[in-house]
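To be precise, the following lines are run-v3.csv, and they hold CSV, C-alpha atoms.
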chain,number,residue,atom,x,y,z
A,1,MET,CA,33.9,-6.9,-17.8
A,2,SER,CA,30.8,-5.0,-18.9
A,3,SER,CA,30.2,-1.5,-17.7
A,4,ASN,CA,26.5,-1.7,-18.6
A,5,ILE,CA,25.0,-4.0,-16.1
A,6,SER,CA,21.3,-4.6,-15.6
A,7,LYS,CA,19.5,-3.5,-12.4
A,8,GLN,CA,18.5,-7.1,-11.7
A,9,THR,CA,22.2,-8.3,-11.9
A,10,LEU,CA,23.3,-5.4,-9.6
A,11,GLN,CA,20.7,-6.3,-7.1
A,12,ARG,CA,21.8,-10.0,-7.0
A,13,LEU,CA,25.5,-9.3,-6.7
A,14,PRO,CA,25.3,-8.4,-3.0
A,15,LEU,CA,23.7,-11.8,-2.4
A,16,TYR,CA,26.6,-13.7,-4.0
A,17,LEU,CA,29.1,-11.6,-2.1
A,18,SER,CA,27.4,-12.2,1.3
A,19,TYR,CA,27.2,-15.9,0.5
A,20,ILE,CA,30.8,-16.4,-0.4
A,21,LYS,CA,32.1,-14.2,2.4
A,22,ALA,CA,30.2,-16.4,4.9
A,23,LEU,CA,31.9,-19.6,3.6
A,24,PRO,CA,33.8,-21.4,6.4
A,25,ALA,CA,37.5,-20.8,6.6
A,26,ASP,CA,38.2,-24.5,5.7
A,27,ALA,CA,36.0,-24.4,2.5
A,28,PRO,CA,37.7,-25.2,-0.8
A,29,LYS,CA,39.7,-22.2,-2.3
A,30,ASN,CA,37.6,-22.2,-5.5
A,31,ILE,CA,33.9,-22.0,-6.1
A,32,SER,CA,31.8,-22.5,-9.2
A,33,ALA,CA,28.7,-20.5,-10.4
A,34,THR,CA,26.8,-23.8,-10.1
A,35,MET,CA,27.6,-24.2,-6.5
A,36,ILE,CA,26.6,-20.6,-5.7
A,37,ALA,CA,23.3,-21.0,-7.7
A,38,GLU,CA,22.5,-24.2,-5.8
A,39,ALA,CA,23.2,-22.7,-2.4
A,40,LEU,CA,21.0,-19.6,-3.1
A,41,GLN,CA,18.4,-21.5,-5.1
A,42,LEU,CA,18.9,-19.4,-8.1
A,43,ASN,CA,19.2,-20.2,-11.8
A,44,ASP,CA,22.5,-21.6,-12.8
A,45,VAL,CA,22.8,-19.8,-16.1
A,46,GLN,CA,21.8,-16.5,-14.6
A,47,VAL,CA,24.5,-16.7,-11.8
A,48,ARG,CA,27.1,-17.7,-14.4
A,49,LYS,CA,26.2,-14.6,-16.5
A,50,ASP,CA,26.1,-12.3,-13.5
A,51,LEU,CA,29.5,-13.3,-12.4
A,52,ALA,CA,31.0,-13.1,-15.9
A,53,SER,CA,29.9,-9.4,-16.0
A,54,VAL,CA,32.0,-8.5,-13.0
A,55,SER,CA,34.9,-11.0,-13.1
A,56,SER,CA,37.1,-12.4,-15.8
A,57,SER,CA,39.0,-14.7,-13.5
A,58,GLY,CA,36.7,-17.8,-13.7
A,59,LYS,CA,38.2,-20.9,-15.3
A,60,PRO,CA,36.3,-23.8,-16.9
A,61,LYS,CA,36.1,-26.8,-14.5
A,62,VAL,CA,38.0,-24.9,-11.8
A,63,GLY,CA,35.6,-22.0,-11.1
A,64,TYR,CA,36.5,-18.8,-9.4
A,65,SER,CA,39.1,-18.2,-6.7
A,66,VAL,CA,37.0,-17.3,-3.7
A,67,LYS,CA,39.5,-14.7,-2.6
A,68,ASP,CA,39.6,-13.0,-6.0
A,69,LEU,CA,35.9,-13.1,-6.5
A,70,ILE,CA,35.3,-11.4,-3.2
A,71,ALA,CA,37.7,-8.6,-4.1
A,72,GLU,CA,36.2,-8.2,-7.6
A,73,LEU,CA,32.6,-8.1,-6.2
A,74,GLU,CA,33.5,-5.6,-3.5
A,75,SER,CA,35.3,-3.4,-6.0
A,76,PHE,CA,32.5,-3.6,-8.5
A,77,LEU,CA,29.9,-2.8,-5.8
A,78,GLY,CA,31.9,0.2,-4.6
A,79,TYR,CA,32.4,-1.2,-1.1
A,80,ASP,CA,36.1,-0.3,-1.2
A,81,ASN,CA,35.2,3.3,-2.1
A,82,VAL,CA,32.9,4.6,0.6
A,83,ASP,CA,30.4,7.3,-0.4
A,84,ASP,CA,29.4,10.0,2.0
A,85,ALA,CA,25.7,10.6,2.6
A,86,ILE,CA,23.5,12.8,4.8
A,87,ILE,CA,20.0,12.1,6.2
A,88,VAL,CA,17.2,14.6,6.2
A,89,GLY,CA,14.7,13.9,9.0
A,90,ALA,CA,16.1,13.0,12.5
A,91,GLY,CA,13.0,11.3,13.8
A,92,SER,CA,13.1,7.7,15.1
A,93,LEU,CA,13.8,6.1,11.7
A,94,GLY,CA,16.4,8.8,10.7
A,95,LYS,CA,18.2,8.4,14.1
A,96,ALA,CA,18.1,4.6,13.8
A,97,LEU,CA,19.8,4.8,10.3
A,98,LEU,CA,22.3,7.6,11.5
A,99,ASN,CA,23.3,5.4,14.4
A,100,TYR,CA,23.5,2.1,12.4
A,101,GLY,CA,27.1,1.2,11.8
A,102,GLY,CA,26.5,-1.5,9.3
A,103,PHE,CA,26.2,0.6,6.2
A,104,LYS,CA,29.9,1.3,6.0
A,105,GLU,CA,30.5,-2.3,5.1
A,106,TYR,CA,28.3,-1.6,2.0
A,107,GLY,CA,30.2,1.5,1.0
A,108,LEU,CA,28.0,4.1,2.7
A,109,ASN,CA,29.1,6.5,5.3
A,110,ILE,CA,26.4,8.7,6.9
A,111,LEU,CA,28.0,11.9,8.0
A,112,ALA,CA,25.2,13.9,9.5
A,113,ALA,CA,21.5,14.5,9.7
A,114,PHE,CA,19.3,17.6,9.2
A,115,ASP,CA,16.0,18.5,11.0
A,116,LEU,CA,14.0,21.3,12.4
A,117,CYS,CA,16.2,22.8,15.1
A,118,SER,CA,17.6,26.2,15.8
A,119,GLU,CA,21.2,25.2,16.1
A,120,PRO,CA,23.4,22.1,15.5
A,121,GLU,CA,22.8,19.3,18.0
A,122,GLU,CA,24.9,16.2,18.8
A,123,PHE,CA,23.3,12.7,18.6
A,124,GLN,CA,25.6,9.8,19.5
A,125,GLY,CA,28.7,11.3,18.0
A,126,LYS,CA,27.0,12.7,14.9
A,127,THR,CA,25.6,16.2,14.2
A,128,VAL,CA,22.0,17.1,13.5
A,129,PHE,CA,22.1,20.4,11.6
A,130,PRO,CA,19.3,22.9,11.2
A,131,ILE,CA,17.5,22.2,7.9
A,132,GLU,CA,18.4,25.7,6.8
A,133,GLN,CA,22.1,24.7,6.5
A,134,LEU,CA,21.3,21.8,4.1
A,135,GLU,CA,22.7,23.4,1.0
A,136,THR,CA,25.8,24.9,2.6
A,137,VAL,CA,26.8,21.7,4.4
A,138,CYS,CA,26.1,19.5,1.3
A,139,ARG,CA,28.2,21.8,-1.0
A,140,ARG,CA,31.0,22.0,1.5
A,141,MET,CA,31.2,18.2,2.1
A,142,ASN,CA,30.5,17.4,-1.6
A,143,ILE,CA,27.6,15.1,-0.6
A,144,ARG,CA,26.1,13.2,-3.5
A,145,ILE,CA,23.8,10.8,-1.6
A,146,GLY,CA,20.8,12.1,0.4
A,147,ILE,CA,18.6,9.9,2.6
A,148,ILE,CA,15.0,11.1,3.1
A,149,THR,CA,13.3,10.0,6.3
A,150,VAL,CA,10.9,13.0,6.7
A,151,PRO,CA,7.1,12.5,6.7
A,152,ALA,CA,5.4,11.9,3.4
A,153,SER,CA,4.0,15.4,3.2
A,154,ASN,CA,7.4,17.1,3.3
A,155,ALA,CA,9.4,14.6,1.2
A,156,GLN,CA,9.0,16.3,-2.2
A,157,GLU,CA,10.2,19.7,-0.9
A,158,ILE,CA,13.2,18.1,0.8
A,159,CYS,CA,13.9,16.1,-2.4
A,160,ASP,CA,14.0,19.4,-4.4
A,161,ASN,CA,16.3,21.0,-1.8
A,162,LEU,CA,18.7,18.0,-2.0
A,163,VAL,CA,18.9,18.2,-5.8
A,164,LYS,CA,19.5,22.0,-5.5
A,165,SER,CA,22.3,21.1,-3.0
A,166,GLY,CA,24.2,18.9,-5.5
A,167,VAL,CA,22.8,15.5,-4.5
A,168,ARG,CA,22.7,13.0,-7.4
A,169,ALA,CA,21.2,9.9,-5.8
A,170,ILE,CA,18.3,9.8,-3.2
A,171,TRP,CA,17.5,6.9,-0.9
A,172,ASN,CA,13.8,7.5,-0.1
A,173,PHE,CA,12.2,6.0,3.0
A,174,ALA,CA,9.1,8.3,2.8
A,175,PRO,CA,6.0,6.5,1.4
A,176,VAL,CA,5.7,8.9,-1.6
A,177,HIS,CA,6.6,8.9,-5.2
A,178,LEU,CA,9.2,11.6,-5.7
A,179,VAL,CA,9.6,13.7,-8.9
A,180,VAL,CA,13.2,14.4,-9.9
A,181,PRO,CA,15.0,15.9,-12.9
A,182,GLU,CA,16.7,13.5,-15.4
A,183,GLY,CA,19.9,12.1,-14.2
A,184,ILE,CA,19.0,11.9,-10.5
A,185,LEU,CA,18.3,8.4,-9.2
A,186,VAL,CA,15.6,7.7,-6.6
A,187,GLN,CA,15.8,4.4,-4.8
A,188,ASN,CA,12.6,3.8,-2.8
A,189,GLU,CA,12.7,1.8,0.5
A,190,ASN,CA,9.0,1.5,1.1
A,191,MET,CA,8.6,-0.3,4.4
A,192,ALA,CA,4.9,0.5,4.6
A,193,SER,CA,4.4,-1.4,1.3
A,194,SER,CA,6.4,-4.4,2.7
A,195,LEU,CA,4.2,-4.3,5.9
A,196,ALA,CA,1.1,-4.2,3.7
A,197,LEU,CA,2.1,-7.4,2.0
A,198,LEU,CA,2.9,-9.2,5.3
A,199,SER,CA,-0.3,-8.1,6.9
A,200,ASN,CA,-2.4,-9.0,3.9
A,201,HIS,CA,-0.8,-12.5,3.8
A,202,LEU,CA,-1.9,-13.1,7.5
A,203,ARG,CA,-5.4,-11.9,6.9
A,204,GLU,CA,-5.8,-14.0,3.7
A,205,GLU,CA,-4.7,-17.1,5.8
A,206,LEU,CA,-7.2,-16.4,8.5
A,207,LYS,CA,-10.0,-16.4,5.9
A,208,ARG,CA,-9.2,-20.0,4.8
B,1,MET,CA,-14.8,-4.9,-2.6
B,2,SER,CA,-12.4,-7.6,-3.9
B,3,SER,CA,-10.6,-9.9,-1.6
B,4,ASN,CA,-8.1,-10.9,-4.3
B,5,ILE,CA,-5.9,-7.9,-4.7
B,6,SER,CA,-2.7,-7.8,-6.7
B,7,LYS,CA,0.7,-7.3,-5.0
B,8,GLN,CA,1.2,-4.2,-7.1
B,9,THR,CA,-2.1,-2.6,-5.9
B,10,LEU,CA,-1.3,-3.6,-2.3
B,11,GLN,CA,2.1,-1.8,-2.5
B,12,ARG,CA,0.5,1.4,-3.9
B,13,LEU,CA,-2.2,1.6,-1.3
B,14,PRO,CA,0.1,3.0,1.5
B,15,LEU,CA,1.2,5.7,-0.9
B,16,TYR,CA,-2.4,6.9,-1.4
B,17,LEU,CA,-3.1,6.7,2.3
B,18,SER,CA,0.0,8.7,3.3
B,19,TYR,CA,-0.9,11.3,0.6
B,20,ILE,CA,-4.5,11.8,1.7
B,21,LYS,CA,-3.6,11.7,5.4
B,22,ALA,CA,-1.1,14.6,4.8
B,23,LEU,CA,-3.7,16.9,3.1
B,24,PRO,CA,-4.1,20.2,4.9
B,25,ALA,CA,-7.1,20.5,7.3
B,26,ASP,CA,-8.7,23.1,5.1
B,27,ALA,CA,-8.5,21.0,2.0
B,28,PRO,CA,-11.9,20.0,0.2
B,29,LYS,CA,-13.7,17.2,2.0
B,30,ASN,CA,-13.8,15.1,-1.2
B,31,ILE,CA,-11.0,13.9,-3.4
B,32,SER,CA,-11.0,12.2,-6.8
B,33,ALA,CA,-8.8,9.4,-8.1
B,34,THR,CA,-7.6,11.8,-10.8
B,35,MET,CA,-6.4,14.3,-8.2
B,36,ILE,CA,-4.5,11.6,-6.3
B,37,ALA,CA,-3.0,10.3,-9.6
B,38,GLU,CA,-1.8,13.8,-10.5
B,39,ALA,CA,-0.3,14.5,-7.1
B,40,LEU,CA,1.6,11.2,-7.1
B,41,GLN,CA,2.4,11.2,-10.8
B,42,LEU,CA,0.7,7.9,-11.3
B,43,ASN,CA,-1.6,6.6,-14.0
B,44,ASP,CA,-5.2,7.9,-13.6
B,45,VAL,CA,-6.9,4.6,-14.6
B,46,GLN,CA,-4.7,2.6,-12.3
B,47,VAL,CA,-5.4,4.7,-9.2
B,48,ARG,CA,-9.2,4.6,-10.0
B,49,LYS,CA,-9.0,0.8,-10.2
B,50,ASP,CA,-6.9,0.4,-7.1
B,51,LEU,CA,-9.3,2.6,-5.0
B,52,ALA,CA,-12.3,0.7,-6.4
B,53,SER,CA,-10.8,-2.5,-5.0
B,54,VAL,CA,-10.8,-1.2,-1.4
B,55,SER,CA,-13.7,1.2,-1.3
B,56,SER,CA,-17.3,1.3,-2.6
B,57,SER,CA,-18.0,4.8,-1.4
B,58,GLY,CA,-16.7,6.8,-4.5
B,59,LYS,CA,-19.3,8.8,-6.4
B,60,PRO,CA,-19.1,9.9,-10.0
B,61,LYS,CA,-18.2,13.7,-10.3
B,62,VAL,CA,-17.9,13.9,-6.5
B,63,GLY,CA,-15.1,11.5,-5.8
B,64,TYR,CA,-14.4,10.0,-2.4
B,65,SER,CA,-15.0,11.4,1.0
B,66,VAL,CA,-11.4,11.9,2.4
B,67,LYS,CA,-12.4,10.8,5.9
B,68,ASP,CA,-14.2,7.6,4.7
B,69,LEU,CA,-11.3,6.7,2.3
B,70,ILE,CA,-8.7,7.1,5.1
B,71,ALA,CA,-10.8,4.7,7.3
B,72,GLU,CA,-11.3,2.2,4.4
B,73,LEU,CA,-7.6,2.2,3.5
B,74,GLU,CA,-6.5,1.9,7.1
B,75,SER,CA,-8.9,-1.0,7.7
B,76,PHE,CA,-8.0,-2.7,4.4
B,77,LEU,CA,-4.2,-2.4,5.2
B,78,GLY,CA,-4.8,-3.8,8.7
B,79,TYR,CA,-3.5,-0.6,10.4
B,80,ASP,CA,-6.4,-0.8,12.8
B,81,ASN,CA,-5.5,-4.4,13.7
B,82,VAL,CA,-1.9,-4.4,15.0
B,83,ASP,CA,0.1,-7.6,14.4
B,84,ASP,CA,2.6,-8.7,16.9
B,85,ALA,CA,6.1,-9.5,15.7
B,86,ILE,CA,9.5,-10.5,17.0
B,87,ILE,CA,13.0,-9.8,15.7
B,88,VAL,CA,15.8,-12.4,15.5
B,89,GLY,CA,19.2,-10.7,15.6
B,90,ALA,CA,19.8,-7.9,18.1
B,91,GLY,CA,22.8,-6.3,16.4
B,92,SER,CA,22.7,-2.7,15.4
B,93,LEU,CA,20.0,-3.1,12.7
B,94,GLY,CA,17.9,-5.3,14.9
B,95,LYS,CA,18.1,-2.9,17.8
B,96,ALA,CA,17.3,0.0,15.5
B,97,LEU,CA,14.1,-1.7,14.3
B,98,LEU,CA,13.2,-2.9,17.9
B,99,ASN,CA,13.5,0.7,19.1
B,100,TYR,CA,11.7,2.3,16.1
B,101,GLY,CA,8.3,3.4,17.2
B,102,GLY,CA,7.0,4.2,13.7
B,103,PHE,CA,5.9,0.7,12.8
B,104,LYS,CA,2.8,0.7,15.1
B,105,GLU,CA,1.3,3.3,12.8
B,106,TYR,CA,1.5,0.6,10.0
B,107,GLY,CA,0.0,-2.1,12.2
B,108,LEU,CA,3.2,-3.8,13.4
B,109,ASN,CA,4.1,-4.1,17.0
B,110,ILE,CA,7.6,-5.5,17.7
B,111,LEU,CA,7.4,-7.2,21.1
B,112,ALA,CA,10.9,-8.6,21.7
B,113,ALA,CA,14.1,-9.7,20.1
B,114,PHE,CA,16.2,-12.9,20.2
B,115,ASP,CA,20.0,-13.2,20.1
B,116,LEU,CA,22.9,-15.2,21.5
B,117,CYS,CA,22.8,-14.5,25.2
B,118,SER,CA,22.7,-16.7,28.3
B,119,GLU,CA,19.7,-15.0,29.9
B,120,PRO,CA,17.1,-12.4,28.9
B,121,GLU,CA,18.4,-8.8,28.7
B,122,GLU,CA,16.6,-5.5,28.7
B,123,PHE,CA,17.1,-3.0,25.8
B,124,GLN,CA,15.3,0.3,26.0
B,125,GLY,CA,12.2,-1.2,27.6
B,126,LYS,CA,12.0,-4.4,25.4
B,127,THR,CA,13.5,-7.8,26.1
B,128,VAL,CA,16.2,-9.6,24.2
B,129,PHE,CA,15.7,-13.3,24.9
B,130,PRO,CA,18.3,-16.1,24.4
B,131,ILE,CA,17.8,-17.6,21.0
B,132,GLU,CA,17.1,-21.0,22.6
B,133,GLN,CA,13.8,-19.6,23.9
B,134,LEU,CA,12.5,-18.7,20.4
B,135,GLU,CA,10.0,-21.4,19.9
B,136,THR,CA,8.6,-21.3,23.5
B,137,VAL,CA,8.1,-17.5,23.4
B,138,CYS,CA,6.6,-17.5,19.9
B,139,ARG,CA,4.2,-20.2,20.8
B,140,ARG,CA,3.2,-18.5,24.0
B,141,MET,CA,2.7,-15.1,22.4
B,142,ASN,CA,1.1,-16.6,19.3
B,143,ILE,CA,3.6,-14.7,17.1
B,144,ARG,CA,2.9,-14.9,13.3
B,145,ILE,CA,5.5,-12.3,12.0
B,146,GLY,CA,9.2,-12.8,12.4
B,147,ILE,CA,11.8,-10.3,11.4
B,148,ILE,CA,15.3,-11.6,10.5
B,149,THR,CA,18.3,-9.3,11.0
B,150,VAL,CA,21.0,-11.9,11.6
B,151,PRO,CA,24.1,-12.2,9.3
B,152,ALA,CA,23.5,-13.9,6.0
B,153,SER,CA,25.2,-17.1,7.0
B,154,ASN,CA,22.7,-17.8,9.8
B,155,ALA,CA,19.5,-16.5,8.2
B,156,GLN,CA,18.2,-19.8,6.7
B,157,GLU,CA,18.6,-21.7,10.0
B,158,ILE,CA,16.8,-18.9,11.8
B,159,CYS,CA,14.1,-18.9,9.1
B,160,ASP,CA,13.6,-22.7,9.6
B,161,ASN,CA,13.3,-22.2,13.4
B,162,LEU,CA,10.8,-19.4,12.9
B,163,VAL,CA,8.6,-21.6,10.7
B,164,LYS,CA,8.9,-24.4,13.3
B,165,SER,CA,7.7,-21.9,15.9
B,166,GLY,CA,4.5,-21.1,14.1
B,167,VAL,CA,5.5,-17.9,12.2
B,168,ARG,CA,3.6,-17.5,8.9
B,169,ALA,CA,5.2,-14.3,7.5
B,170,ILE,CA,8.9,-13.4,7.5
B,171,TRP,CA,10.4,-9.9,7.0
B,172,ASN,CA,13.9,-10.7,5.9
B,173,PHE,CA,16.7,-8.0,6.2
B,174,ALA,CA,19.5,-10.5,5.6
B,175,PRO,CA,21.0,-10.4,2.1
B,176,VAL,CA,20.1,-14.0,1.2
B,177,HIS,CA,17.4,-15.9,-0.6
B,178,LEU,CA,15.4,-17.9,2.0
B,179,VAL,CA,13.8,-21.2,1.2
B,180,VAL,CA,10.4,-21.7,3.0
B,181,PRO,CA,7.5,-24.2,2.8
B,182,GLU,CA,4.4,-23.4,0.8
B,183,GLY,CA,2.1,-20.9,2.5
B,184,ILE,CA,4.8,-18.9,4.3
B,185,LEU,CA,5.4,-15.4,2.9
B,186,VAL,CA,9.0,-14.0,2.8
B,187,GLN,CA,9.2,-10.2,2.2
B,188,ASN,CA,12.8,-9.2,1.5
B,189,GLU,CA,14.1,-5.8,2.5
B,190,ASN,CA,17.5,-5.8,0.8
B,191,MET,CA,19.3,-2.7,1.8
B,192,ALA,CA,22.5,-3.9,0.3
B,193,SER,CA,20.8,-4.2,-3.1
B,194,SER,CA,19.5,-0.6,-2.8
B,195,LEU,CA,22.9,0.6,-1.9
B,196,ALA,CA,24.4,-1.2,-4.9
B,197,LEU,CA,22.1,0.7,-7.2
B,198,LEU,CA,22.8,4.1,-5.6
B,199,SER,CA,26.6,3.5,-5.7
B,200,ASN,CA,26.5,2.3,-9.3
B,201,HIS,CA,24.6,5.4,-10.4
B,202,LEU,CA,27.2,7.7,-8.9
B,203,ARG,CA,30.0,5.7,-10.6
B,204,GLU,CA,28.3,5.7,-14.0
B,205,GLU,CA,27.9,9.5,-13.7
B,206,LEU,CA,31.6,9.9,-13.0
B,207,LYS,CA,32.5,8.1,-16.2
B,208,ARG,CA,30.6,10.5,-18.4
As structure tokens - that is how I would like this structure written.
Amino acid sequence: MSSNISKQTLQRLPLYLSYIKALPADAPKNISATMIAEALQLNDVQVRKDLASVSSSGKPKVGYSVKDLIAELESFLGYDNVDDAIIVGAGSLGKALLNYGGFKEYGLNILAAFDLCSEPEEFQGKTVFPIEQLETVCRRMNIRIGIITVPASNAQEICDNLVKSGVRAIWNFAPVHLVVPEGILVQNENMASSLALLSNHLREELKR
Amino acid sequence: MSSNISKQTLQRLPLYLSYIKALPADAPKNISATMIAEALQLNDVQVRKDLASVSSSGKPKVGYSVKDLIAELESFLGYDNVDDAIIVGAGSLGKALLNYGGFKEYGLNILAAFDLCSEPEEFQGKTVFPIEQLETVCRRMNIRIGIITVPASNAQEICDNLVKSGVRAIWNFAPVHLVVPEGILVQNENMASSLALLSNHLREELKR
């Protein structure tokens, strides 16, 4: 097993995991890289290489034990080791993410949110803290993942505060490019860019 | 103005728009590509080229009128021409998106959702229809954008049904690779892949 895995491989591993976890209960107990590649319409050699980087249990002509491969992928992806995170920006997107239960399955537990308010407020069982308490709460809870859902104009300032509060990885939903010190990861989730592609596709079609 | 714009340019345009829209009211009335590039830490030449592809109003040494550039970007990105969409899968993510008001600002109006249910149900002012009514409703409302938030194992079947129902662009939140006929655009929003990158970053740091 390699500890240096490419970003591309890391992004494909959840696809493999979700596919093999969704196999019917009466499916064969073993699966080959070729079968996964065919089902997901991916390159055979690439899938084989990706799986070899997280599992050493594959056998020639037999393939992988489905049960073992699920455990290996989940462990590799950190799904068995849930990371705590907080959200800054409790607008409609922030609240939607705060309230979305599905992230736990992927190893992410969103504990609380922060926004402009004079004292802590409850929202569907989670707390929205005043933004002034960001550093205190992050330090106390040892938070290392921060999710940014504030407007674009405030995102860099919030990002700087998160880094100052000990956060090492930032999931950014604001449509801006964030500047961070070395060693901090920013993962951008730019829904506006996605929507621009969808909308452009429809307009290009209309022109034809 | 060019009608053939690269995917990369299209994805950067919302960044420029959100930046210039967030400028303070007392900021200068004109802005140059260089100023935008500096603020967003992007390449000067690239920003200049991107803007030239959507606007013909920039003047040497003066730059762009902020007001005109906002209007040109919004029009180019289709924000002034809202597209109707539907969601398939009214689980927690589907409901969060259905209930999120922020997409309208980006030209997307989510009208309704579909899920397994025996008759239409109301959810916070929007309707969740039985999945059997997908084609009828899409045809009647002339829906061209479908959002998939069903589990990975059902996503391809839903995708096929959307295409059969006249949908031309698919925003896919299920962690699978979808196979579509030529001419249909699939935009993947793979949150599981994003979380894999964040989580891996934290684990790599711990090893040091």
Would you mind listing what lies within 10 Å of B:Leu98 as an mmCIF file with C-alpha atoms, in the frame of the given file, with all atoms listed in the file counted and same-chain residues fewer than 6 positions away left out?
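Result went into part.cif, see below:
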data_model
loop_
_atom_site.group_PDB
_atom_site.id
_atom_site.type_symbol
_atom_site.label_atom_id
_atom_site.label_comp_id
_atom_site.auth_asym_id
_atom_site.auth_seq_id
_atom_site.Cartn_x
_atom_site.Cartn_y
_atom_site.Cartn_z
ATOM 1 C CA ALA A 96 18.100 4.600 13.800
ATOM 2 C CA ALA B 85 6.100 -9.500 15.700
ATOM 3 C CA ILE B 86 9.500 -10.500 17.000
ATOM 4 C CA ILE B 87 13.000 -9.800 15.700
ATOM 5 C CA ALA B 90 19.800 -7.900 18.100
ATOM 6 C CA SER B 92 22.700 -2.700 15.400
ATOM 7 C CA ASN B 109 4.100 -4.100 17.000
ATOM 8 C CA ILE B 110 7.600 -5.500 17.700
ATOM 9 C CA LEU B 111 7.400 -7.200 21.100
ATOM 10 C CA ALA B 112 10.900 -8.600 21.700
ATOM 11 C CA ALA B 113 14.100 -9.700 20.100
ATOM 12 C CA PHE B 123 17.100 -3.000 25.800
ATOM 13 C CA GLN B 124 15.300 0.300 26.000
ATOM 14 C CA GLY B 125 12.200 -1.200 27.600
ATOM 15 C CA LYS B 126 12.000 -4.400 25.400
ATOM 16 C CA THR B 127 13.500 -7.800 26.100
ATOM 17 C CA VAL B 128 16.200 -9.600 24.200
ATOM 18 C CA ILE B 147 11.800 -10.300 11.400
#
Residue list for chain A near chain B as a ChimeraX atom specification, 7 Å, all atoms listed in the file: /A:10-11,14-15,18-19,22,40,77-78,92-93,96,100-101,106,152-153,169,175-177,187,192-201
So that I have them on file, write out the residues from the current selection with C-alpha atoms, as a PDB file, keeping the file's coordinate frame.
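This went into result_25.pdb:
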ATOM      1  CA  LEU A  10      23.300  -5.400  -9.600  1.00  0.00           C
ATOM      2  CA  GLN A  11      20.700  -6.300  -7.100  1.00  0.00           C
ATOM      3  CA  PRO A  14      25.300  -8.400  -3.000  1.00  0.00           C
ATOM      4  CA  LEU A  15      23.700 -11.800  -2.400  1.00  0.00           C
ATOM      5  CA  SER A  18      27.400 -12.200   1.300  1.00  0.00           C
ATOM      6  CA  TYR A  19      27.200 -15.900   0.500  1.00  0.00           C
ATOM      7  CA  ALA A  22      30.200 -16.400   4.900  1.00  0.00           C
ATOM      8  CA  LEU A  40      21.000 -19.600  -3.100  1.00  0.00           C
ATOM      9  CA  LEU A  77      29.900  -2.800  -5.800  1.00  0.00           C
ATOM     10  CA  GLY A  78      31.900   0.200  -4.600  1.00  0.00           C
ATOM     11  CA  SER A  92      13.100   7.700  15.100  1.00  0.00           C
ATOM     12  CA  LEU A  93      13.800   6.100  11.700  1.00  0.00           C
ATOM     13  CA  ALA A  96      18.100   4.600  13.800  1.00  0.00           C
ATOM     14  CA  TYR A 100      23.500   2.100  12.400  1.00  0.00           C
ATOM     15  CA  GLY A 101      27.100   1.200  11.800  1.00  0.00           C
ATOM     16  CA  TYR A 106      28.300  -1.600   2.000  1.00  0.00           C
ATOM     17  CA  ALA A 152       5.400  11.900   3.400  1.00  0.00           C
ATOM     18  CA  SER A 153       4.000  15.400   3.200  1.00  0.00           C
ATOM     19  CA  ALA A 169      21.200   9.900  -5.800  1.00  0.00           C
ATOM     20  CA  PRO A 175       6.000   6.500   1.400  1.00  0.00           C
ATOM     21  CA  VAL A 176       5.700   8.900  -1.600  1.00  0.00           C
ATOM     22  CA  HIS A 177       6.600   8.900  -5.200  1.00  0.00           C
ATOM     23  CA  GLN A 187      15.800   4.400  -4.800  1.00  0.00           C
ATOM     24  CA  ALA A 192       4.900   0.500   4.600  1.00  0.00           C
ATOM     25  CA  SER A 193       4.400  -1.400   1.300  1.00  0.00           C
ATOM     26  CA  SER A 194       6.400  -4.400   2.700  1.00  0.00           C
ATOM     27  CA  LEU A 195       4.200  -4.300   5.900  1.00  0.00           C
ATOM     28  CA  ALA A 196       1.100  -4.200   3.700  1.00  0.00           C
ATOM     29  CA  LEU A 197       2.100  -7.400   2.000  1.00  0.00           C
ATOM     30  CA  LEU A 198       2.900  -9.200   5.300  1.00  0.00           C
ATOM     31  CA  SER A 199      -0.300  -8.100   6.900  1.00  0.00           C
ATOM     32  CA  ASN A 200      -2.400  -9.000   3.900  1.00  0.00           C
ATOM     33  CA  HIS A 201      -0.800 -12.500   3.800  1.00  0.00           C
TER      34      HIS A 201
END
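What separates atom CA of A:Ile31 from atom CA of A:Ser65 is a distance of 6.5 Å.
Rounded to one decimal, atom CA of B:Lys49 and atom CA of B:Ala27 lie 23.6 Å from each other.
Minimum atom-to-atom distance to B:Leu73, evaluated using only C-alpha atoms, belongs to B:Ser53 out of B:Asn161, B:Ser53, B:Lys59, B:Ser32.
Atom CA of A:Gly63 is positioned 25.0 Å from atom CA of B:Gln156.
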Closest of B:Glu74, B:Glu38, B:Glu132, B:Glu157 to B:Ser55 - atom-to-atom distances counting only C-alpha atoms: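 Under the stated criterion, the closest residue is B:Glu74.
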